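Text of entry00.txt (compact mmCIF, C-alpha atoms) as supplied:
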```
# COMPACT_ATOMS: atom_id res chain seq x y z
CA MET A 1 -32.48 -13.84 -23.60
CA SER A 2 -30.24 -10.79 -23.94
CA HIS A 3 -33.04 -8.66 -22.44
CA ILE A 4 -33.21 -10.96 -19.39
CA ALA A 5 -29.42 -10.86 -19.03
CA HIS A 6 -29.54 -7.08 -19.22
CA GLN A 7 -32.21 -6.92 -16.50
CA GLN A 8 -30.18 -9.25 -14.30
CA SER A 9 -27.08 -7.11 -14.83
CA GLU A 10 -29.02 -3.97 -13.88
CA LYS A 11 -30.34 -5.69 -10.75
CA ILE A 12 -26.80 -6.65 -9.73
CA SER A 13 -25.65 -3.08 -10.36
CA ARG A 14 -28.39 -1.68 -8.10
CA MET A 15 -27.53 -4.19 -5.37
CA SER A 16 -23.86 -3.32 -5.63
CA ALA A 17 -24.58 0.41 -5.52
CA ALA A 18 -26.55 -0.07 -2.29
CA LEU A 19 -23.43 -1.49 -0.64
CA VAL A 20 -21.24 1.54 -1.42
CA PRO A 21 -22.32 3.96 1.39
CA ARG A 22 -21.34 1.60 4.20
CA GLU A 23 -18.10 0.80 2.39
CA LEU A 24 -17.31 4.51 2.16
CA LEU A 25 -18.05 5.10 5.85
CA SER A 26 -16.05 2.14 7.15
CA TRP A 27 -13.01 2.75 4.94
CA SER A 28 -13.11 6.46 5.77
CA LEU A 29 -12.91 5.60 9.47
CA THR A 30 -9.98 3.24 8.91
CA ALA A 31 -8.32 5.95 6.78
CA ILE A 32 -8.09 8.18 9.85
CA THR A 33 -6.20 5.36 11.56
CA LEU A 34 -3.99 4.86 8.50
CA GLY A 35 -3.14 8.56 8.50
CA ALA A 36 -1.23 7.97 11.73
CA LEU A 37 0.29 4.75 10.37
CA GLU A 38 1.53 6.28 7.11
CA GLY A 39 5.11 5.17 6.46
CA GLY A 40 6.46 8.65 5.82
CA LEU A 41 4.98 10.01 9.05
CA LEU A 42 6.27 7.07 11.11
CA GLY A 43 9.73 7.53 9.58
CA VAL A 44 9.75 11.22 10.54
CA ILE A 45 8.66 10.37 14.11
CA VAL A 46 11.41 7.78 14.50
CA LYS A 47 14.08 10.02 12.97
CA ASN A 48 13.16 13.07 15.06
CA GLN A 49 11.49 11.89 18.28
CA PHE A 50 13.77 8.93 19.01
CA SER A 51 16.96 10.78 18.11
CA GLY A 52 19.56 9.98 20.76
CA ALA A 53 17.71 6.88 21.95
CA ALA A 54 20.05 4.68 19.89
CA SER A 55 22.94 4.98 17.42
CA PRO A 56 22.27 6.93 14.19
CA THR A 57 22.69 3.73 12.17
CA LEU A 58 20.11 1.85 14.25
CA ILE A 59 17.69 4.77 14.01
CA ASN A 60 18.10 4.89 10.21
CA PHE A 61 17.32 1.19 9.97
CA ALA A 62 14.30 1.70 12.25
CA VAL A 63 13.20 4.39 9.77
CA ALA A 64 13.58 1.82 6.98
CA ILE A 65 11.46 -0.68 8.92
CA VAL A 66 8.55 1.64 9.77
CA ALA A 67 8.62 3.25 6.31
CA GLY A 68 8.64 -0.20 4.74
CA ALA A 69 6.07 -1.65 7.16
CA PRO A 70 3.08 -0.71 4.96
CA SER A 71 4.57 -3.02 2.33
CA PHE A 72 6.43 -5.82 4.11
CA ALA A 73 3.49 -6.29 6.49
CA ASN A 74 1.82 -7.81 3.44
CA LEU A 75 3.65 -11.01 4.31
CA SER A 76 0.89 -11.49 6.87
CA SER A 77 -1.44 -12.27 3.97
CA PHE A 78 0.21 -15.68 3.78
CA PHE A 79 -1.44 -16.41 7.14
CA VAL A 80 -4.62 -14.37 6.73
CA ALA A 81 -5.56 -15.71 3.29
CA PRO A 82 -5.96 -19.37 4.38
CA LEU A 83 -7.76 -18.18 7.49
CA ALA A 84 -10.27 -16.38 5.26
CA GLN A 85 -10.74 -19.27 2.84
CA GLY A 86 -14.30 -20.52 3.20
CA ARG A 87 -14.98 -18.32 6.24
CA ASP A 88 -17.10 -15.24 6.93
CA LYS A 89 -15.30 -12.34 5.27
CA ILE A 90 -17.05 -9.51 7.12
CA ALA A 91 -16.37 -10.94 10.57
CA LEU A 92 -12.67 -11.37 9.82
CA LEU A 93 -12.31 -7.91 8.27
CA SER A 94 -13.98 -6.15 11.19
CA ARG A 95 -11.82 -7.96 13.78
CA LEU A 96 -8.67 -6.95 11.95
CA MET A 97 -9.87 -3.34 12.06
CA LEU A 98 -10.21 -3.66 15.83
CA LEU A 99 -6.67 -5.07 16.16
CA MET A 100 -5.23 -2.23 14.07
CA GLY A 101 -6.89 0.40 16.24
CA VAL A 102 -5.69 -1.15 19.50
CA CYS A 103 -2.09 -1.35 18.26
CA LEU A 104 -2.09 2.29 17.19
CA ALA A 105 -3.34 3.41 20.59
CA LEU A 106 -0.59 1.42 22.30
CA MET A 107 2.08 3.05 20.11
CA ALA A 108 1.67 6.28 22.09
CA ILE A 109 3.00 4.61 25.26
CA PRO A 110 6.72 3.78 24.58
CA GLY A 111 9.19 6.27 26.05
CA LYS A 112 12.19 7.85 24.33
CA SER A 113 14.65 4.99 24.83
CA GLY A 114 16.11 2.07 22.93
CA ALA A 115 13.41 -0.24 24.31
CA GLY A 116 10.76 2.34 23.45
CA LEU A 117 12.04 2.54 19.88
CA ILE A 118 11.86 -1.24 19.53
CA LEU A 119 8.33 -1.41 21.00
CA PHE A 120 7.11 1.46 18.81
CA THR A 121 8.55 -0.22 15.72
CA ALA A 122 7.08 -3.63 16.63
CA LEU A 123 3.58 -2.22 17.22
CA ALA A 124 3.77 -0.35 13.91
CA VAL A 125 4.56 -3.62 12.14
CA VAL A 126 1.66 -5.46 13.84
CA ALA A 127 -0.79 -2.65 13.03
CA ARG A 128 0.28 -2.57 9.40
CA SER A 129 0.11 -6.39 9.26
CA ALA A 130 -3.52 -6.18 10.36
CA TRP A 131 -4.18 -3.70 7.54
CA ALA A 132 -2.42 -5.97 5.05
CA GLY A 133 -4.72 -8.78 6.12
CA ILE A 134 -7.68 -6.47 5.58
CA LEU A 135 -6.50 -5.71 2.05
CA THR A 136 -6.13 -9.41 1.24
CA VAL A 137 -9.66 -10.28 2.32
CA ARG A 138 -11.17 -7.06 0.99
CA ALA A 139 -10.03 -7.92 -2.54
CA ALA A 140 -12.36 -10.95 -2.56
CA VAL A 141 -15.23 -8.88 -1.13
CA TRP A 142 -14.89 -6.16 -3.75
CA ARG A 143 -14.64 -8.71 -6.54
CA ALA A 144 -17.90 -10.31 -5.36
CA ASN A 145 -19.74 -7.03 -4.79
CA TYR A 146 -18.70 -5.00 -7.84
CA GLN A 147 -18.73 -5.92 -11.53
CA ARG A 148 -15.59 -5.68 -13.64
CA ARG A 149 -16.94 -2.84 -15.79
CA TRP A 150 -17.21 -0.42 -12.87
CA ARG A 151 -15.06 -2.01 -10.18
CA GLY A 152 -12.25 0.45 -10.86
CA ARG A 153 -14.53 3.47 -10.43
CA VAL A 154 -15.99 2.19 -7.14
CA THR A 155 -12.49 1.46 -5.86
CA ALA A 156 -11.39 4.91 -6.98
CA ARG A 157 -14.19 6.59 -5.01
CA ILE A 158 -13.26 4.70 -1.86
CA VAL A 159 -9.51 5.18 -2.27
CA GLN A 160 -10.03 8.85 -3.16
CA LEU A 161 -11.91 9.67 0.03
CA ALA A 162 -9.69 7.47 2.19
CA SER A 163 -6.50 8.98 0.78
CA LEU A 164 -7.77 12.50 1.43
CA LEU A 165 -8.38 11.62 5.07
CA VAL A 166 -4.98 9.91 5.39
CA ALA A 167 -3.32 13.03 3.95
CA ILE A 168 -5.19 15.35 6.31
CA VAL A 169 -4.40 13.28 9.41
CA SER A 170 -0.72 12.88 8.55
CA ALA A 171 -0.35 16.59 7.68
CA LEU A 172 -2.16 17.64 10.86
CA THR A 173 0.12 15.39 12.90
CA GLY A 174 3.19 16.91 11.24
CA LEU A 175 1.86 20.43 11.95
CA LEU A 176 1.23 19.58 15.61
CA MET A 177 4.73 18.08 15.89
CA ASP A 178 6.21 21.41 14.76
CA TRP A 179 4.31 22.98 17.67
CA ASN A 180 5.07 20.19 20.16
CA GLY A 181 7.27 17.23 19.25
CA GLU A 182 5.32 14.87 21.53
CA SER A 183 1.87 15.78 20.18
CA TRP A 184 1.68 12.58 18.14
CA ARG A 185 1.16 10.73 21.43
CA VAL A 186 -2.28 12.39 21.65
CA VAL A 187 -3.16 11.93 17.97
CA PHE A 188 -2.42 8.18 17.86
CA PRO A 189 -4.98 7.00 20.47
CA LEU A 190 -7.66 9.20 18.90
CA ALA A 191 -6.90 7.77 15.46
CA GLY A 192 -6.98 4.26 16.97
CA LEU A 193 -10.52 4.88 18.24
CA SER A 194 -11.56 5.59 14.65
CA SER A 195 -10.60 2.05 13.65
CA VAL A 196 -12.60 0.71 16.61
CA ALA A 197 -15.60 2.65 15.26
CA ALA A 198 -14.97 1.10 11.82
CA PHE A 199 -15.16 -2.31 13.48
CA TYR A 200 -18.70 -1.59 14.68
CA VAL A 201 -19.78 -0.17 11.31
CA TYR A 202 -18.33 -2.83 9.03
CA ARG A 203 -19.54 -5.86 10.94
CA LEU A 204 -23.05 -5.01 9.64
CA SER A 205 -21.89 -5.10 5.99
CA ARG A 206 -22.67 -7.92 3.60
CA VAL A 207 -21.13 -9.70 0.63
CA ARG A 208 -23.22 -10.33 -2.48
CA ARG A 209 -23.80 -14.07 -2.95
CA HIS A 210 -21.64 -14.69 0.12
CA ARG A 211 -22.87 -18.25 0.62
CA GLN A 212 -22.04 -19.25 -2.95
CA LEU A 213 -18.61 -17.60 -2.64
CA LEU A 214 -17.81 -19.54 0.53
CA GLN A 215 -19.00 -22.78 -1.06
CA ALA A 216 -16.77 -22.17 -4.08
CA GLU A 217 -13.79 -21.44 -1.81
CA ARG A 218 -14.41 -24.59 0.24
CA ALA A 219 -14.68 -26.64 -2.94
CA GLU A 220 -11.40 -25.17 -4.15
CA LEU A 221 -9.88 -25.89 -0.75
CA SER A 222 -10.98 -29.52 -0.89
CA LEU A 223 -9.38 -29.95 -4.32
CA ALA A 224 -6.04 -28.76 -2.97
CA SER A 225 -5.58 -29.82 0.64
CA SER A 226 -3.70 -26.63 1.41
CA SER A 227 -4.89 -24.03 -1.04
CA PHE A 228 -2.70 -21.31 0.38
CA SER A 229 0.44 -23.33 0.93
CA LEU A 230 3.74 -22.33 -0.60
CA ARG A 231 3.28 -25.25 -2.96
CA ALA A 232 -0.08 -23.91 -4.16
CA MET A 233 1.36 -20.45 -4.66
CA ARG A 234 4.31 -21.85 -6.57
CA ALA A 235 1.93 -23.91 -8.72
CA VAL A 236 0.05 -20.76 -9.73
CA LEU A 237 3.26 -19.02 -10.75
CA VAL A 238 4.45 -22.07 -12.71
CA GLU A 239 1.15 -22.69 -14.51
CA ASN A 240 -0.01 -19.13 -15.19
CA ARG A 241 2.60 -17.60 -17.48
CA ASP A 242 0.96 -14.18 -17.73
CA PHE A 243 0.61 -13.80 -13.97
CA ARG A 244 4.20 -14.99 -13.50
CA ASN A 245 5.44 -12.35 -15.93
CA TYR A 246 3.34 -9.72 -14.16
CA MET A 247 4.81 -10.65 -10.77
CA ALA A 248 8.34 -10.58 -12.23
CA GLY A 249 7.76 -7.05 -13.48
CA MET A 250 6.33 -5.99 -10.14
CA MET A 251 9.35 -7.38 -8.28
CA VAL A 252 11.76 -5.15 -10.22
CA PHE A 253 9.50 -2.12 -10.66
CA GLY A 254 8.13 -2.33 -7.11
CA SER A 255 11.56 -2.71 -5.55
CA GLY A 256 12.44 0.82 -6.59
CA ASN A 257 9.07 2.16 -5.41
CA LEU A 258 9.30 0.59 -1.98
CA MET A 259 12.73 1.93 -1.06
CA ILE A 260 12.01 5.55 -1.98
CA ILE A 261 10.17 6.79 1.14
CA ALA A 262 12.72 5.51 3.67
CA MET A 263 15.52 7.01 1.55
CA LEU A 264 13.68 10.33 1.30
CA VAL A 265 13.18 10.57 5.08
CA VAL A 266 16.88 9.91 5.72
CA LEU A 267 18.03 12.33 3.01
CA MET A 268 15.64 15.10 4.07
CA ASN A 269 17.06 14.96 7.60
CA ASP A 270 20.73 14.54 6.70
CA PHE A 271 21.04 16.70 3.56
CA PHE A 272 18.32 19.35 3.90
CA THR A 273 17.03 21.65 6.63
CA LEU A 274 13.30 21.01 6.59
CA SER A 275 10.61 21.32 9.27
CA ARG A 276 8.77 18.23 10.48
CA LEU A 277 5.67 19.41 8.66
CA SER A 278 7.60 19.78 5.37
CA GLN A 279 9.08 16.30 5.79
CA VAL A 280 5.64 14.78 6.41
CA MET A 281 4.09 16.73 3.52
CA ILE A 282 6.77 15.64 1.02
CA SER A 283 6.93 12.00 2.10
CA SER A 284 3.25 11.43 2.84
CA SER A 285 0.53 14.10 2.70
CA LEU A 286 1.18 15.81 -0.65
CA PRO A 287 1.36 12.53 -2.63
CA LEU A 288 -1.93 11.45 -1.06
CA LEU A 289 -3.62 14.76 -1.86
CA VAL A 290 -2.54 14.49 -5.50
CA LEU A 291 -3.73 10.88 -5.46
CA CYS A 292 -7.23 12.11 -4.58
CA LEU A 293 -7.27 14.50 -7.52
CA SER A 294 -5.97 12.10 -10.16
CA ILE A 295 -7.24 8.64 -9.24
CA THR A 296 -10.50 8.85 -11.21
CA LEU A 297 -8.52 9.37 -14.42
CA TRP A 298 -6.52 6.22 -13.74
CA ALA A 299 -9.74 4.33 -12.89
CA LYS A 300 -11.16 5.00 -16.35
CA LEU A 301 -7.95 3.73 -17.94
CA LEU A 302 -7.94 0.57 -15.82
CA ASP A 303 -11.59 -0.20 -16.58
CA ARG A 304 -10.82 -0.07 -20.32
CA HIS A 305 -7.53 -1.98 -20.49
CA HIS A 306 -5.80 -5.14 -19.37
CA ILE A 307 -3.34 -4.66 -16.51
CA PHE A 308 -0.36 -5.14 -18.89
CA THR A 309 -1.45 -2.16 -20.98
CA TYR A 310 -2.31 -0.18 -17.89
CA ARG A 311 1.09 -0.74 -16.27
CA ALA A 312 2.90 -0.01 -19.55
CA ILE A 313 1.42 3.50 -19.38
CA HIS A 314 1.26 4.09 -15.64
CA SER A 315 4.76 2.96 -14.61
CA TRP A 316 6.45 5.90 -16.33
CA ASN A 317 4.83 8.26 -13.85
CA PHE A 318 6.95 6.71 -11.11
CA PHE A 319 10.00 7.03 -13.32
CA SER A 320 9.45 10.76 -13.84
CA ALA A 321 9.06 11.30 -10.08
CA PHE A 322 12.27 9.42 -9.36
CA VAL A 323 14.19 11.48 -11.93
CA VAL A 324 13.15 14.65 -10.11
CA PHE A 325 14.01 13.21 -6.68
CA ALA A 326 17.46 12.17 -7.92
CA ILE A 327 18.19 15.64 -9.31
CA ALA A 328 16.92 17.26 -6.08
CA ALA A 329 19.15 15.10 -3.89
CA ILE A 330 22.31 15.31 -6.01
CA ALA A 331 22.02 19.05 -6.81
CA ARG A 332 20.71 19.90 -3.30
CA ILE A 333 17.59 21.68 -4.59
CA PRO A 334 14.90 21.31 -1.88
CA GLU A 335 12.19 22.89 -4.07
CA LEU A 336 12.42 19.92 -6.43
CA LEU A 337 11.46 17.60 -3.58
CA TRP A 338 8.00 19.17 -3.68
CA LEU A 339 7.73 18.63 -7.45
CA GLY A 340 8.88 15.03 -7.09
CA SER A 341 6.32 14.52 -4.32
CA PHE A 342 3.58 15.90 -6.58
CA LEU A 343 4.53 13.54 -9.41
CA LEU A 344 4.75 10.66 -6.94
CA GLY A 345 1.16 11.33 -5.92
CA SER A 346 -0.09 10.83 -9.46
CA ALA A 347 1.93 7.62 -9.70
CA TYR A 348 0.52 6.42 -6.38
CA ALA A 349 -3.03 7.03 -7.64
CA GLY A 350 -2.57 4.61 -10.52
CA GLY A 351 -0.52 2.27 -8.38
CA HIS A 352 -3.25 1.89 -5.75
CA LEU A 353 -5.77 0.79 -8.35
CA GLY A 354 -3.39 -1.54 -10.17
CA TRP A 355 -2.23 -3.08 -6.92
CA ASN A 356 -5.76 -3.72 -5.59
CA LEU A 357 -7.33 -4.93 -8.84
CA GLY A 358 -4.61 -5.99 -11.30
CA HIS A 359 -4.53 -9.66 -10.25
CA ASN A 360 -8.22 -10.02 -11.23
CA ASP A 361 -7.24 -10.06 -14.92
CA PHE A 362 -5.56 -13.44 -14.38
CA THR A 363 -8.00 -15.41 -12.21
CA THR A 364 -11.55 -16.47 -11.25
CA ASP A 365 -13.71 -15.54 -8.25
CA ALA A 366 -12.85 -18.71 -6.33
CA ASN A 367 -9.10 -18.16 -6.73
CA SER A 368 -9.09 -14.37 -6.33
CA SER A 369 -7.90 -14.46 -2.72
CA LEU A 370 -5.08 -16.87 -3.60
CA TYR A 371 -3.81 -14.63 -6.40
CA MET A 372 -4.06 -11.57 -4.17
CA ALA A 373 -2.18 -13.47 -1.44
CA ILE A 374 0.65 -14.22 -3.87
CA HIS A 375 0.73 -10.61 -4.99
CA VAL A 376 0.78 -9.11 -1.51
CA SER A 377 3.23 -11.72 -0.18
CA LEU A 378 5.75 -10.83 -2.88
CA THR A 379 5.08 -7.15 -2.16
CA GLY A 380 5.82 -7.91 1.48
CA LEU A 381 9.09 -9.61 0.59
CA ARG A 382 10.42 -6.62 -1.31
CA GLY A 383 8.92 -4.28 1.30
CA LEU A 384 10.98 -6.07 3.93
CA LEU A 385 14.23 -5.91 1.99
CA MET A 386 14.19 -2.84 -0.24
CA PRO A 387 13.89 0.02 2.29
CA ILE A 388 16.79 -1.51 4.22
CA VAL A 389 18.78 -1.92 1.00
CA GLY A 390 18.12 1.71 0.08
CA VAL A 391 19.14 3.09 3.49
CA ALA A 392 22.18 0.79 3.61
CA PHE A 393 23.23 2.04 0.16
CA ILE A 394 23.03 5.65 1.40
CA GLN A 395 25.19 4.81 4.42
CA TYR A 396 27.69 2.88 2.30
CA LEU A 397 28.16 5.78 -0.14
CA GLU A 398 28.48 8.19 2.79
CA SER A 399 31.19 6.01 4.32
CA VAL A 400 33.09 6.08 1.03
CA SER A 401 32.72 9.82 0.53
CA PRO A 402 30.70 12.22 2.73
CA GLY A 403 27.91 13.74 0.68
CA ALA A 404 27.89 10.91 -1.86
CA GLY A 405 24.80 9.36 -0.25
CA ALA A 406 22.62 11.52 -2.49
CA TYR A 407 23.68 9.41 -5.47
CA ALA A 408 21.90 6.44 -3.87
CA MET A 409 18.71 7.85 -5.41
CA LEU A 410 19.91 6.52 -8.75
CA LEU A 411 19.25 2.95 -7.54
CA PRO A 412 15.43 3.20 -7.30
CA LEU A 413 15.50 5.18 -10.56
CA LEU A 414 17.29 2.32 -12.35
CA LEU A 415 14.95 -0.36 -10.95
CA CYS A 416 11.89 1.66 -11.93
CA PHE A 417 13.22 2.13 -15.47
CA LEU A 418 13.89 -1.60 -15.95
CA GLY A 419 10.45 -2.56 -14.61
CA SER A 420 8.69 -0.02 -16.81
CA CYS A 421 10.45 -1.36 -19.90
CA TRP A 422 9.33 -4.89 -18.95
CA PHE A 423 5.68 -3.82 -18.76
CA VAL A 424 5.93 -2.20 -22.19
CA PHE A 425 7.31 -5.49 -23.52
CA LEU A 426 4.45 -7.47 -21.90
CA HIS A 427 1.89 -5.12 -23.44
CA PHE A 428 3.23 -5.60 -26.98
CA ASP A 429 3.74 -9.34 -26.46
CA ARG A 430 0.08 -9.72 -25.40
CA GLN A 431 -1.06 -7.75 -28.46
CA LYS A 432 1.05 -9.96 -30.71
CA THR A 433 -0.18 -13.26 -29.24
CA GLY A 434 -3.77 -12.11 -28.92
```
Kindly return the structure encoded in the file as structure tokens.
Amino acid sequence: MSHIAHQQSEKISRMSAALVPRELLSWSLTAITLGALEGGLLGVIVKNQFSGAASPTLINFAVAIVAGAPSFANLSSFFVAPLAQGRDKIALLSRLMLLMGVCLALMAIPGKSGAGLILFTALAVVARSAWAGILTVRAAVWRANYQRRWRGRVTARIVQLASLLVAIVSALTGLLMDWNGESWRVVFPLAGLSSVAAFYVYRLSRVRRHRQLLQAERAELSLASSSFSLRAMRAVLVENRDFRNYMAGMMVFGSGNLMIIAMLVVLMNDFFTLSRLSQVMISSSLPLLVLCLSITLWAKLLDRHHIFTYRAIHSWNFFSAFVVFAIAAIARIPELLWLGSFLLGSAYAGGHLGWNLGHNDFTTDANSSLYMAIHVSLTGLRGLLMPIVGVAFIQYLESVSPGAGAYAMLLPLLLCFLGSCWFVFLHFDRQKTG
């Protein structure tokens, strides 16, 4: 019997491996699009290219919105998840890729005016919302296609290649902007076409045991008339203690993480004299390059341990990065911004894996999309609020005493520390209770 089970497992592994090449191609194409939609790059564009189009305060809050868009756009999962329940996953994913590409191309049109700033910001939010929907549905696809014992490594390969491309595109855009400030208007439509190409590639993909997955989702949907309603999400958090504790930790820990980029963009412009390329490299490209180099190490750790243990180790990488950023801002040492960015890249590597796969340690295949929807919706909530809170805190301290805004970096540092301590507690509590 064990021999038969082993043969079946090997067959599934071969089938899953056959799906990887198309996954790599399609996500590499979307990565080119995401390189132009990276929060740090968008923040630099708003801060520099729309300067004078509105008041400095409004521009800073626009920076907070576009820098936070990759996170708060996750609120769209609340609408995408029920749409995907019991429906063809590949068709939905590919259409969202098409929407993302069209929005990016349109972002090159708005002029340098208040209306142009609003339109640019709105299109960025829609494009990132489409990507958030893709992430929500993709989680169920990857769970179905790849076994738990090597899911982290497959995800790492895809994220590694995609992150490299995102870093290259964002860095290239920053370099071109140093040459010509309006060059991003050429890059964006080209990057949008890449997502259109991904649409044509991915619509030929398949999901292992897709029919059975859809039947399970429909059965789950029939048991709860509105599987993805707020009531259903609340029920999960009430009934599943471990998942509730995990989400609580992520709310505190993630709040610090999600305000950091918007704060960095504002501080780099207002407190340091840095080129556009340096700003894009520190806030976007360098962390993604480091992510590529370190993500396989995190994948091995995630494949061996429960998400509580994983987060108890990984979260301190964010803390170390934030310590360096705080010292750099307060002491006005620009060189430390590069070190902080390097450390942030390693933290991002582990964070990407934990964010995409961590919820799977609490649920079943049929409920995977629901758990991911809860996770990304809460991420969206703090992504909507925290960048604005961080930028507002900088402006408040500056109004009290010019130059004091640098001390605002202590806020994300504190939140990260508290969240990291909570994950350590959850790890030891799980060990104690078995």
Edge lengths and centre, in Å to one decimal, as JSON: that's what I need for the box along x, y and z that holds all listed atoms of segment 23-32 of chain A plus 3 Å on each side.
```
{"center_x": -13.1, "center_y": 4.5, "center_z": 6.0, "size_x": 16.0, "size_y": 13.4, "size_z": 13.7}
```
Would you mind listing what lies within 12 Å of Ala122 of chain A as a VMD selection string, with all atoms listed in the file counted and same-chain residues fewer than 2 positions away left out?
-> chain A and resid 62 65 to 66 69 73 103 to 104 106 to 107 110 115 to 120 124 to 129
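Each of A:Asn367, A:Val400, A:Met233, A:Ala326 was compared to Leu264 of chain A using all atoms listed in the file, and A:Ala326 turns out to be the nearest.
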Shortest interatomic distance to Asp178 of chain A - which of A:Thr136, A:Gln49, A:Thr364, A:Ser283, counting all atoms listed in the file =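 Once distances to Asp178 of chain A are computed over all atoms listed in the file, the minimum belongs to A:Gln49.
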Pairwise distance for atom CA of Leu297 of chain A and atom CA of Ala248 of chain A, rounded to one decimal in Å = 26.2 Å
Separation of atom CA of Phe423 of chain A from atom CA of Ala321 of chain A, in Å and rounded to one decimal = 17.8 Å
Looking at only C-alpha atoms, which of A:Ile261, A:Cys421, A:Leu337, A:Leu175 is the one that sits closest to Trp316 of chain A?
->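 Of all the options, A:Cys421 lies closest to Trp316 of chain A.
Coordinates place atom CA of Gly254 of chain A at a distance of 7.6 Å from atom CA of Thr379 of chain A.
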Using all atoms listed in the file, can you list as a list in words the residues within 9 Å of (0.4, -0.9, -9.7)?
->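 Every residue inside that radius is included here: Met250, Gly254, Ile307, Tyr310, Arg311, His314, Ser315, Ala347, Tyr348, Ala349, Gly350, Gly351, His352, Leu353, Gly354, Trp355, Asn356, Leu357 and Gly358 of chain A.
If you measure from each of A:Gly383, A:Gly340, A:Pro334, A:Leu193 to Ser275 of chain A using all atoms listed in the file, the closest one turns out to be A:Pro334.
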Hey, what's within 8 Å of segment 165-172 of chain A if we count all atoms listed in the file and toss same-chain stuff fewer than 5 positions away? As number ranges by chain, please?
-> A: 28, 31-36, 38, 41, 277, 280-281, 284-286, 288-289
Protein and nucleic acid residues near (-13.6, 1.4, 8.1) (cut-off 8 Å, all atoms listed in the file) as a list in words =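 Taken together, the residues in range are Glu23, Leu24, Leu25, Ser26, Trp27, Ser28, Leu29, Thr30, Ala31, Met97, Ser195, Ala197, Ala198, Phe199, Val201 and Tyr202 of chain A.
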Quick one: residues within 10 Å of Ala392 of chain A, only C-alpha atoms counted, chain neighbours fewer than 2 positions away excluded, as a PyMOL selection string?
-> chain A and resi 57+60-61+64+263+386-390+394-398+405+408
Smallest atom-to-atom distance to Arg244 of chain A: which of A:Ala54, A:Ile374, A:Leu413, A:Met100, using all atoms listed in the file?
->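 Answer, going by the shortest atom-to-atom distance: A:Ile374.
If you measure from each of A:Leu237, A:Met177, A:Ile59, A:Leu42 to Leu378 of chain A using all atoms listed in the file, the closest one turns out to be A:Leu237.
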All residues 12 Å or closer to Ser320 of chain A, all atoms listed in the file, same chain fewer than 5 positions away omitted, as number ranges by chain = A: 314-315, 325-327, 339-347, 412-414, 416-417, 420
